[in-house]
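A.B. asks: Sharing a structure here in structure tokens format.
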Amino acid sequence: MFRSFSNKEAPSFSHFPYTPPHPTYSPSSLSQTLSLHASPTSSPLHPLNPTPSKHPDLLTAYRCISSVLQKDGQILSIAASNGLVYTGSSTNLIRLWKLPEFTECGQLKAKACMVVAIEVSHDKVYAAYGDGKVRVWQRTWDGGLKHVRLATIPKTGSYVRSLYIAGKDKTIKHTGAITSLAINVSEDILYSASTDKTVKVWRISDLKCIETIQAHSKPINAIVVADDGILYTASDDATVRVWRRNFCSGDQLPHSLTITLPAKCSPVKTLTLTSDGGVLYGGCTDGYIHYWLKGWFSGQLQYGGALQGHTHAVMCLASVANYVVSGSADSTSRIWSRDVEDGQHTCLAVLVGHRGPIRCVAAFSGRLGEETEEGCTICTGSLDGVLKVWRVTCTNRVAENTTSTQNGCEYFEL
């Protein structure tokens, strides 16, 4: 399913605190990216030299199954949950898309604009806006899909006496723009990170701020929390920090720093964890994706290496099963596969079609329609205002020796 596009220029990205470098193209590569109607899925901006696979009998293929140009301007955030995809933009709208047909099925509205982060948990939708506040909706299925607005975090005029900031009264609202959200489901906690160099801890039951973590010396770009409660924060100070939540009474702070992971002198813009929490990935402005391996003890990490391929800043990451998906300011998205035996990574595909930096990405397993191949579905949102859905499949090379065509979309052998 393809949608028509207009040639309307994307709005400026200058007002958003997370500003990547703009990609540069050679004349040959520029001609490939100008035509969005063609969605040139088989023509990467630069040569693809994937690592030789340990499973030569597997054929990996990908296709773009849907492209939508939103009239909301830049797409800044995306989240997927229970067959729904939520997308936030530079306007005040959050659009809802139904899978697998990927049709719009609703909207969430607020007075504020610029939806910079979205998280969904336990049928609650948390969205961070450009005004430094988080709006909360409750999702219900009674009589059809509905979203009921529950609250705004923090409430207007709310103040708290922080025990961790020199005993002075501080507003619980971030003094800078929010850049990322994360949810600790087991402990019922919402984390928000900001350019004000802090992470705020919100108790979901009453939506109160219970702690402000002075996390970094420079703006924080991303946070992610593991199932064991370990919090990871990434910053422009070129480090990833690991935090443990303490439950002891006394003078010990609720969150304490466990270790600081250097990222080779490059600001870290995005984070993701594997589903088992065993590998942490950090995307940097130099185009590298560094990763760390979890040790025997909670919060213990060892540097594993770096994935190289992007020519500009890595702006977003997502993981599902043994796949890692990266989106970059070079307008491409790369799909990496991690071997479960030796931990080596293989670049399976370079997804090309956007003509602006890829700001957000979501990846999830499952099949669309009657497809029987293994693989994953990927949604990419770009500053060009285009939302794309991709299907990546793995089939047996013996059973399929030639390129197949389905619904007018070709599978390209990598």
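Quick note on naming: the chains in the structure tokens go A, B, ... in the order shown, residues restart at 1 in each chain, and ligands are numbered from 1 in order of appearance.
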Step one, run DSSP on the backbone; step two, keep only residues of segment 78-116 of chain A assigned to strand (DSSP E or B); then write them as an MDAnalysis selection string.

C.D. replies: chainID A and resid 78:81 84:89 93:98 103:109 115:116

A.B. asks: Let's have the selection written as a short mmCIF file (atom, residue, chain, number, x, y, z; two decimals), in the first residue's frame, with N, CA and C atoms.

C.D. replies:
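Writing done, so here's part06.cif:
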data_model
loop_
_atom_site.label_atom_id
_atom_site.label_comp_id
_atom_site.auth_asym_id
_atom_site.auth_seq_id
_atom_site.Cartn_x
_atom_site.Cartn_y
_atom_site.Cartn_z
N ILE A 78 7.68 7.97 18.00
CA ILE A 78 6.87 6.84 17.57
C ILE A 78 6.88 5.76 18.65
N ALA A 79 5.76 5.05 18.80
CA ALA A 79 5.66 3.94 19.74
C ALA A 79 4.65 2.95 19.20
N ALA A 80 4.88 1.68 19.46
CA ALA A 80 3.97 0.62 19.00
C ALA A 80 3.51 -0.21 20.19
N SER A 81 2.21 -0.55 20.20
CA SER A 81 1.65 -1.33 21.31
C SER A 81 0.32 -1.95 20.91
N LEU A 84 -1.22 -1.24 17.56
CA LEU A 84 -1.37 0.17 17.25
C LEU A 84 0.00 0.84 17.19
N VAL A 85 0.11 1.83 16.32
CA VAL A 85 1.32 2.64 16.23
C VAL A 85 0.92 4.09 16.52
N TYR A 86 1.65 4.73 17.45
CA TYR A 86 1.42 6.13 17.81
C TYR A 86 2.56 6.96 17.23
N THR A 87 2.23 8.04 16.55
CA THR A 87 3.26 8.92 16.00
C THR A 87 3.03 10.35 16.47
N GLY A 88 4.10 11.00 16.92
CA GLY A 88 4.04 12.38 17.35
C GLY A 88 4.83 13.26 16.40
N SER A 89 4.40 14.49 16.26
CA SER A 89 5.01 15.40 15.29
C SER A 89 5.26 16.76 15.92
N LEU A 93 -0.72 17.07 17.57
CA LEU A 93 -1.43 15.82 17.31
C LEU A 93 -0.55 14.60 17.55
N ILE A 94 -1.17 13.58 18.10
CA ILE A 94 -0.62 12.23 18.08
C ILE A 94 -1.57 11.40 17.23
N ARG A 95 -1.06 10.83 16.16
CA ARG A 95 -1.90 10.03 15.27
C ARG A 95 -1.78 8.56 15.62
N LEU A 96 -2.90 7.84 15.49
CA LEU A 96 -2.97 6.42 15.77
C LEU A 96 -3.14 5.67 14.45
N TRP A 97 -2.37 4.58 14.29
CA TRP A 97 -2.41 3.77 13.08
C TRP A 97 -2.66 2.32 13.47
N LYS A 98 -3.53 1.68 12.73
CA LYS A 98 -3.91 0.30 13.01
C LYS A 98 -3.13 -0.65 12.11
N THR A 103 -3.77 1.83 8.69
CA THR A 103 -4.72 2.91 8.41
C THR A 103 -4.88 3.75 9.67
N GLU A 104 -5.09 5.05 9.49
CA GLU A 104 -5.25 5.93 10.64
C GLU A 104 -6.57 5.64 11.33
N CYS A 105 -6.54 5.50 12.65
CA CYS A 105 -7.75 5.12 13.39
C CYS A 105 -8.04 6.05 14.56
N GLY A 106 -7.38 7.19 14.65
CA GLY A 106 -7.68 8.12 15.73
C GLY A 106 -6.59 9.16 15.91
N GLN A 107 -6.89 10.13 16.79
CA GLN A 107 -5.96 11.20 17.10
C GLN A 107 -6.06 11.57 18.57
N LEU A 108 -4.95 11.96 19.15
CA LEU A 108 -4.91 12.51 20.49
C LEU A 108 -4.45 13.96 20.38
N LYS A 109 -5.17 14.87 21.03
CA LYS A 109 -4.88 16.28 20.91
C LYS A 109 -4.54 16.90 22.27
N VAL A 115 5.47 16.87 19.97
CA VAL A 115 5.45 15.63 20.73
C VAL A 115 6.81 14.96 20.59
N VAL A 116 7.67 15.13 21.58
CA VAL A 116 9.07 14.72 21.46
C VAL A 116 9.32 13.28 21.90
#

A.B. asks: List as an MDAnalysis selection string the protein and nucleic acid residues near Lys218 of chain A, meaning an atom at most 9 Å away when only C-alpha atoms are counted, but skip any in the same chain fewer than 6 places from it.

C.D. replies: chainID A and resid 195:197 235:237

A.B. asks: So that I can see what lies close to Thr152 of chain A, please list as a list in words the residues with an atom at most 9 Å from it, counting only C-alpha atoms and leaving out residues fewer than 6 positions away in the same chain.

C.D. replies: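 Here the answer would be Lys133, Val134, Arg135, Val136 and Leu207 of chain A.
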
A.B. asks: What are the closest atom pairs, with distances in Å to one decimal, for all residues of segment 62-114 of chain A lying within 6 Å of segment 379-385 of chain A? Consider only C-alpha atoms, order rows by chain and residue number, and present the result as a Markdown table.

C.D. replies:
| residue | atom | partner | partner_atom | distance |
| --- | --- | --- | --- | --- |
| A:Leu69 | CA | A:Gly385 | CA | 5.8 |
| A:Gln70 | CA | A:Gly385 | CA | 5.6 |
| A:Gly73 | CA | A:Gly385 | CA | 5.0 |
| A:Gln74 | CA | A:Leu383 | CA | 4.2 |
| A:Ile75 | CA | A:Gly381 | CA | 5.4 |

A.B. asks: Can you write out the residues you just picked, keeping N, CA, C and O atoms, as a PDB file, in the first residue's frame?

C.D. replies:
ATOM      1  N   LEU A  69       2.771  10.590   3.802  1.00  0.00           N
ATOM      2  CA  LEU A  69       3.259  11.937   4.073  1.00  0.00           C
ATOM      3  C   LEU A  69       2.249  12.646   4.956  1.00  0.00           C
ATOM      4  O   LEU A  69       1.126  12.923   4.548  1.00  0.00           O
ATOM      5  N   GLN A  70       2.618  12.909   6.196  1.00  0.00           N
ATOM      6  CA  GLN A  70       1.745  13.632   7.104  1.00  0.00           C
ATOM      7  C   GLN A  70       1.828  15.128   6.828  1.00  0.00           C
ATOM      8  O   GLN A  70       2.869  15.635   6.417  1.00  0.00           O
ATOM      9  N   GLY A  73       4.076  18.125   9.575  1.00  0.00           N
ATOM     10  CA  GLY A  73       5.466  18.533   9.642  1.00  0.00           C
ATOM     11  C   GLY A  73       6.350  17.383  10.056  1.00  0.00           C
ATOM     12  O   GLY A  73       6.100  16.222   9.718  1.00  0.00           O
ATOM     13  N   GLN A  74       7.395  17.685  10.789  1.00  0.00           N
ATOM     14  CA  GLN A  74       8.396  16.695  11.166  1.00  0.00           C
ATOM     15  C   GLN A  74       7.831  15.642  12.113  1.00  0.00           C
ATOM     16  O   GLN A  74       7.117  15.965  13.062  1.00  0.00           O
ATOM     17  N   ILE A  75       8.175  14.381  11.878  1.00  0.00           N
ATOM     18  CA  ILE A  75       7.794  13.296  12.774  1.00  0.00           C
ATOM     19  C   ILE A  75       8.910  13.123  13.796  1.00  0.00           C
ATOM     20  O   ILE A  75      10.059  12.851  13.445  1.00  0.00           O
TER      21      ILE A  75
END

A.B. asks: Can you list, as a ChimeraX atom specification, every protein, DNA or RNA residue that comes within 6 Å of Phe364 of chain A when you count only C-alpha atoms, leaving out same-chain residues fewer than 4 positions away?

C.D. replies: /A:320,376-377

A.B. asks: Work out how far apart atom CA of Gly130 of chain A and atom CA of Asn92 of chain A are and give it in Å to one decimal.

C.D. replies: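 Taking atom CA of Gly130 of chain A as the start and atom CA of Asn92 of chain A as the end point, the length is 9.6 Å.
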
A.B. asks: Taking into account only C-alpha atoms, which residue in the set A:Gly327, A:Gly132, A:Gly287, A:Pro154 is nearest to Ile358 of chain A?

C.D. replies: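 Looking at the shortest contact to Ile358 of chain A, the residue is A:Gly327.
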